[in-house]
file work.pdb (PDB, C-alpha atoms)
ATOM      1  CA  MET A  15      75.498 -18.510  24.761  1.00  0.00           C
ATOM      2  CA  ALA A  16      71.963 -17.912  23.432  1.00  0.00           C
ATOM      3  CA  LEU A  17      69.301 -16.426  25.611  1.00  0.00           C
ATOM      4  CA  PRO A  18      66.125 -18.449  26.034  1.00  0.00           C
ATOM      5  CA  MET A  19      63.218 -17.228  23.826  1.00  0.00           C
ATOM      6  CA  THR A  20      60.114 -15.957  25.573  1.00  0.00           C
ATOM      7  CA  PRO A  21      56.761 -16.628  23.858  1.00  0.00           C
ATOM      8  CA  PRO A  22      55.292 -13.387  22.392  1.00  0.00           C
ATOM      9  CA  GLN A  23      52.052 -13.687  24.369  1.00  0.00           C
ATOM     10  CA  MET A  24      54.045 -13.409  27.589  1.00  0.00           C
ATOM     11  CA  VAL A  25      55.996 -10.342  26.455  1.00  0.00           C
ATOM     12  CA  PHE A  26      53.023  -8.631  24.805  1.00  0.00           C
ATOM     13  CA  PRO A  27      49.935  -9.994  26.560  1.00  0.00           C
ATOM     14  CA  LYS A  28      47.532  -7.653  24.683  1.00  0.00           C
ATOM     15  CA  LEU A  29      48.518  -9.251  21.368  1.00  0.00           C
ATOM     16  CA  ALA A  30      47.166 -12.603  22.436  1.00  0.00           C
ATOM     17  CA  ALA A  31      43.821 -11.163  23.600  1.00  0.00           C
ATOM     18  CA  ASP A  32      40.933  -9.983  21.447  1.00  0.00           C
ATOM     19  CA  PRO A  33      40.981  -6.264  20.599  1.00  0.00           C
ATOM     20  CA  LEU A  34      39.099  -3.963  22.939  1.00  0.00           C
ATOM     21  CA  TRP A  35      37.283  -2.250  20.072  1.00  0.00           C
ATOM     22  CA  GLU A  36      35.391  -3.154  16.943  1.00  0.00           C
ATOM     23  CA  GLU A  37      35.928  -1.532  13.581  1.00  0.00           C
ATOM     24  CA  GLU A  38      33.110  -0.665  11.232  1.00  0.00           C
ATOM     25  CA  LEU A  39      33.637  -0.086   7.546  1.00  0.00           C
ATOM     26  CA  ASP A  40      31.567   2.368   5.561  1.00  0.00           C
ATOM     27  CA  VAL A  41      31.013   1.194   2.007  1.00  0.00           C
ATOM     28  CA  LEU A  42      29.781   3.521  -0.708  1.00  0.00           C
ATOM     29  CA  LEU A  43      27.614   1.731  -3.239  1.00  0.00           C
ATOM     30  CA  LEU A  44      26.654   3.119  -6.610  1.00  0.00           C
ATOM     31  CA  GLU A  45      22.944   2.914  -7.076  1.00  0.00           C
ATOM     32  CA  ASP A  46      21.768   1.383 -10.327  1.00  0.00           C
ATOM     33  CA  GLU A  47      19.496   4.339 -10.969  1.00  0.00           C
ATOM     34  CA  ASP A  48      22.482   6.720 -10.877  1.00  0.00           C
ATOM     35  CA  LEU A  49      24.190   4.812 -13.672  1.00  0.00           C
ATOM     36  CA  ASP A  50      21.053   4.791 -15.838  1.00  0.00           C
ATOM     37  CA  GLN A  51      20.414   8.505 -15.274  1.00  0.00           C
ATOM     38  CA  PRO A  52      20.526  10.396 -18.588  1.00  0.00           C
ATOM     39  CA  VAL A  53      23.407  12.832 -18.896  1.00  0.00           C
ATOM     40  CA  HIS A  54      24.820  15.065 -21.634  1.00  0.00           C
ATOM     41  CA  ILE A  55      28.379  15.403 -22.877  1.00  0.00           C
ATOM     42  CA  ILE A  56      29.085  19.076 -23.494  1.00  0.00           C
ATOM     43  CA  VAL A  57      32.125  20.169 -25.494  1.00  0.00           C
ATOM     44  CA  TRP A  58      33.387  23.746 -25.225  1.00  0.00           C
ATOM     45  CA  ASN A  59      35.147  25.792 -27.887  1.00  0.00           C
ATOM     46  CA  ASP A  60      38.892  26.333 -27.589  1.00  0.00           C
ATOM     47  CA  ASP A  61      41.682  27.881 -29.631  1.00  0.00           C
ATOM     48  CA  VAL A  62      43.792  24.723 -29.699  1.00  0.00           C
ATOM     49  CA  ASN A  63      41.952  21.956 -31.564  1.00  0.00           C
ATOM     50  CA  SER A  64      41.300  22.093 -35.318  1.00  0.00           C
ATOM     51  CA  PHE A  65      37.940  21.386 -36.947  1.00  0.00           C
ATOM     52  CA  ASP A  66      39.394  18.243 -38.515  1.00  0.00           C
ATOM     53  CA  TRP A  67      40.615  16.935 -35.158  1.00  0.00           C
ATOM     54  CA  VAL A  68      37.326  17.626 -33.367  1.00  0.00           C
ATOM     55  CA  THR A  69      35.351  16.017 -36.201  1.00  0.00           C
ATOM     56  CA  HIS A  70      37.645  12.979 -36.156  1.00  0.00           C
ATOM     57  CA  CYS A  71      37.262  12.608 -32.352  1.00  0.00           C
ATOM     58  CA  PHE A  72      33.455  12.789 -32.550  1.00  0.00           C
ATOM     59  CA  MET A  73      33.379  10.133 -35.264  1.00  0.00           C
ATOM     60  CA  ASP A  74      35.909   7.855 -33.578  1.00  0.00           C
ATOM     61  CA  ILE A  75      34.739   8.090 -29.957  1.00  0.00           C
ATOM     62  CA  LEU A  76      31.051   8.979 -30.169  1.00  0.00           C
ATOM     63  CA  GLY A  77      30.205   7.081 -33.351  1.00  0.00           C
ATOM     64  CA  HIS A  78      28.822  10.133 -35.160  1.00  0.00           C
ATOM     65  CA  THR A  79      28.681  10.311 -38.938  1.00  0.00           C
ATOM     66  CA  PHE A  80      30.937  12.816 -40.691  1.00  0.00           C
ATOM     67  CA  GLU A  81      27.989  15.152 -41.237  1.00  0.00           C
ATOM     68  CA  GLN A  82      26.938  15.050 -37.567  1.00  0.00           C
ATOM     69  CA  ALA A  83      30.488  15.540 -36.311  1.00  0.00           C
ATOM     70  CA  ASP A  84      31.181  18.387 -38.749  1.00  0.00           C
ATOM     71  CA  GLN A  85      27.954  20.223 -37.826  1.00  0.00           C
ATOM     72  CA  LEU A  86      28.688  19.847 -34.105  1.00  0.00           C
ATOM     73  CA  ALA A  87      32.199  21.266 -34.609  1.00  0.00           C
ATOM     74  CA  LEU A  88      30.683  24.275 -36.395  1.00  0.00           C
ATOM     75  CA  ILE A  89      28.069  24.792 -33.642  1.00  0.00           C
ATOM     76  CA  ILE A  90      30.789  24.642 -30.976  1.00  0.00           C
ATOM     77  CA  HIS A  91      32.872  27.173 -32.918  1.00  0.00           C
ATOM     78  CA  THR A  92      30.004  29.649 -33.367  1.00  0.00           C
ATOM     79  CA  LYS A  93      28.031  29.186 -30.117  1.00  0.00           C
ATOM     80  CA  GLY A  94      30.917  28.356 -27.770  1.00  0.00           C
ATOM     81  CA  LYS A  95      29.609  24.946 -26.731  1.00  0.00           C
ATOM     82  CA  ALA A  96      27.282  22.128 -27.768  1.00  0.00           C
ATOM     83  CA  ILE A  97      25.700  18.995 -26.373  1.00  0.00           C
ATOM     84  CA  VAL A  98      27.408  16.326 -28.459  1.00  0.00           C
ATOM     85  CA  LYS A  99      25.756  13.224 -26.996  1.00  0.00           C
ATOM     86  CA  THR A 100      23.020  12.242 -24.529  1.00  0.00           C
ATOM     87  CA  GLY A 101      22.635   8.861 -22.862  1.00  0.00           C
ATOM     88  CA  PRO A 102      23.122   6.844 -19.664  1.00  0.00           C
ATOM     89  CA  LYS A 103      25.947   7.924 -17.369  1.00  0.00           C
ATOM     90  CA  LEU A 104      27.526   4.460 -17.399  1.00  0.00           C
ATOM     91  CA  GLU A 105      27.914   4.593 -21.189  1.00  0.00           C
ATOM     92  CA  LEU A 106      28.934   8.240 -21.544  1.00  0.00           C
ATOM     93  CA  ARG A 107      31.491   8.515 -18.728  1.00  0.00           C
ATOM     94  CA  PRO A 108      34.256   6.648 -20.624  1.00  0.00           C
ATOM     95  CA  GLN A 109      33.411   8.513 -23.839  1.00  0.00           C
ATOM     96  CA  CYS A 110      33.707  11.877 -22.086  1.00  0.00           C
ATOM     97  CA  GLU A 111      37.043  10.836 -20.564  1.00  0.00           C
ATOM     98  CA  ALA A 112      38.277   9.711 -23.994  1.00  0.00           C
ATOM     99  CA  LEU A 113      37.412  13.130 -25.451  1.00  0.00           C
ATOM    100  CA  GLN A 114      39.292  14.792 -22.584  1.00  0.00           C
ATOM    101  CA  ASP A 115      42.273  12.489 -23.141  1.00  0.00           C
ATOM    102  CA  ARG A 116      42.418  13.743 -26.732  1.00  0.00           C
ATOM    103  CA  GLY A 117      42.555  17.348 -25.588  1.00  0.00           C
ATOM    104  CA  LEU A 118      38.929  18.419 -26.029  1.00  0.00           C
ATOM    105  CA  SER A 119      37.214  20.525 -23.368  1.00  0.00           C
ATOM    106  CA  ALA A 120      34.455  18.039 -22.547  1.00  0.00           C
ATOM    107  CA  GLU A 121      32.329  17.632 -19.433  1.00  0.00           C
ATOM    108  CA  MET A 122      29.297  15.674 -18.307  1.00  0.00           C
ATOM    109  CA  ASP A 123      26.130  17.565 -17.376  1.00  0.00           C
ATOM    110  CA  GLU A 124      23.521  15.755 -15.308  1.00  0.00           C
ATOM    111  CA  SER A 125      20.772  18.359 -15.552  1.00  0.00           C
TER     112      SER A 125
END
call {"tool": "encode", "arguments": {"input": "work.pdb", "output": "structure tokens"}}
result
Amino acid sequence: MALPMTPPQMVFPKLAADPLWEEELDVLLLEDEDLDQPVHIIVWNDDVNSFDWVTHCFMDILGHTFEQADQLALIIHTKGKAIVKTGPKLELRPQCEALQDRGLSAEMDES
């Protein structure tokens, strides 16, 4: 024999009523001026990547000519680091991440 079903609002009366509190959501918005802010991609020297690989990455990802990429690789080797590209943050962020994905020690500098 089946027991009669009780409506949920009778068993749990608070479920049928409005909540006793209100929730507020904080939303973080990126300002347009932050994305247009000029930044630099800096690449640091390491003992892992070859000159050929670094030059290839600069040409493929950053769009540098062979001469530009080769000179930057030499500067990084002798000075320890170099600014390899300057531009808006929105454009350079994916390029910096692509350099990192290929094993280069790259970072963005906002100063």
call {"tool": "closest_residue", "arguments": {"input": "work.pdb", "among": "A:Leu113, A:Leu106, A:Met73, A:Val68", "to": "A:His91", "atoms": "only C-alpha atoms"}}
result
A:Val68
call {"tool": "resolve_selection", "arguments": {"input": "work.pdb", "expression": "the PyMOL selection byres ((chain A and resi 52-61) around 8)", "output": "list of chain:residue names"}}
result
A:Asp50, A:Gln51, A:Val62, A:Asn63, A:Ile90, A:His91, A:Gly94, A:Lys95, A:Ala96, A:Ile97, A:Val98, A:Lys99, A:Thr100, A:Gly101, A:Pro102, A:Lys103, A:Leu106, A:Cys110, A:Leu118, A:Ser119, A:Ala120, A:Glu121, A:Met122, A:Asp123, A:Glu124, A:Ser125
call {"tool": "write_last_selection", "arguments": {"input": "work.pdb", "atoms": "C-alpha atoms", "output": "compact mmCIF listing (two decimals), in the frame of the given file"}}
result
# COMPACT_ATOMS: atom_id res chain seq x y z
CA ASP A 50 21.05 4.79 -15.84
CA GLN A 51 20.41 8.51 -15.27
CA VAL A 62 43.79 24.72 -29.70
CA ASN A 63 41.95 21.96 -31.56
CA ILE A 90 30.79 24.64 -30.98
CA HIS A 91 32.87 27.17 -32.92
CA GLY A 94 30.92 28.36 -27.77
CA LYS A 95 29.61 24.95 -26.73
CA ALA A 96 27.28 22.13 -27.77
CA ILE A 97 25.70 19.00 -26.37
CA VAL A 98 27.41 16.33 -28.46
CA LYS A 99 25.76 13.22 -27.00
CA THR A 100 23.02 12.24 -24.53
CA GLY A 101 22.64 8.86 -22.86
CA PRO A 102 23.12 6.84 -19.66
CA LYS A 103 25.95 7.92 -17.37
CA LEU A 106 28.93 8.24 -21.54
CA CYS A 110 33.71 11.88 -22.09
CA LEU A 118 38.93 18.42 -26.03
CA SER A 119 37.21 20.52 -23.37
CA ALA A 120 34.46 18.04 -22.55
CA GLU A 121 32.33 17.63 -19.43
CA MET A 122 29.30 15.67 -18.31
CA ASP A 123 26.13 17.57 -17.38
CA GLU A 124 23.52 15.76 -15.31
CA SER A 125 20.77 18.36 -15.55
call {"tool": "atom_distance", "arguments": {"input": "work.pdb", "atom1": "atom CA of A:Leu49", "atom2": "atom CA of A:Glu105"}}
result
8.4 Å
call {"tool": "atom_distance", "arguments": {"input": "work.pdb", "atom1": "atom CA of A:Pro108", "atom2": "atom CA of A:Thr92"}}
result
26.6 Å
call {"tool": "atom_distance", "arguments": {"input": "work.pdb", "atom1": "atom CA of A:Thr79", "atom2": "atom CA of A:Glu111"}}
result
20.2 Å
call {"tool": "resolve_selection", "arguments": {"input": "work.pdb", "expression": "the PyMOL selection byres ((chain A and resi 84) around 9)", "output": "VMD selection string"}}
result
chain A and resid 65 to 66 68 to 70 72 79 to 83 85 to 89
call {"tool": "axis_aligned_box", "arguments": {"input": "work.pdb", "around": "stretch 61-67 of chain A", "padding_each_side": "8 Å", "output": "lines of an AutoDock Vina configuration file"}}
result
center_x = 40.9
center_y = 22.4
center_z = -34.1
size_x = 21.9
size_y = 26.9
size_z = 24.9
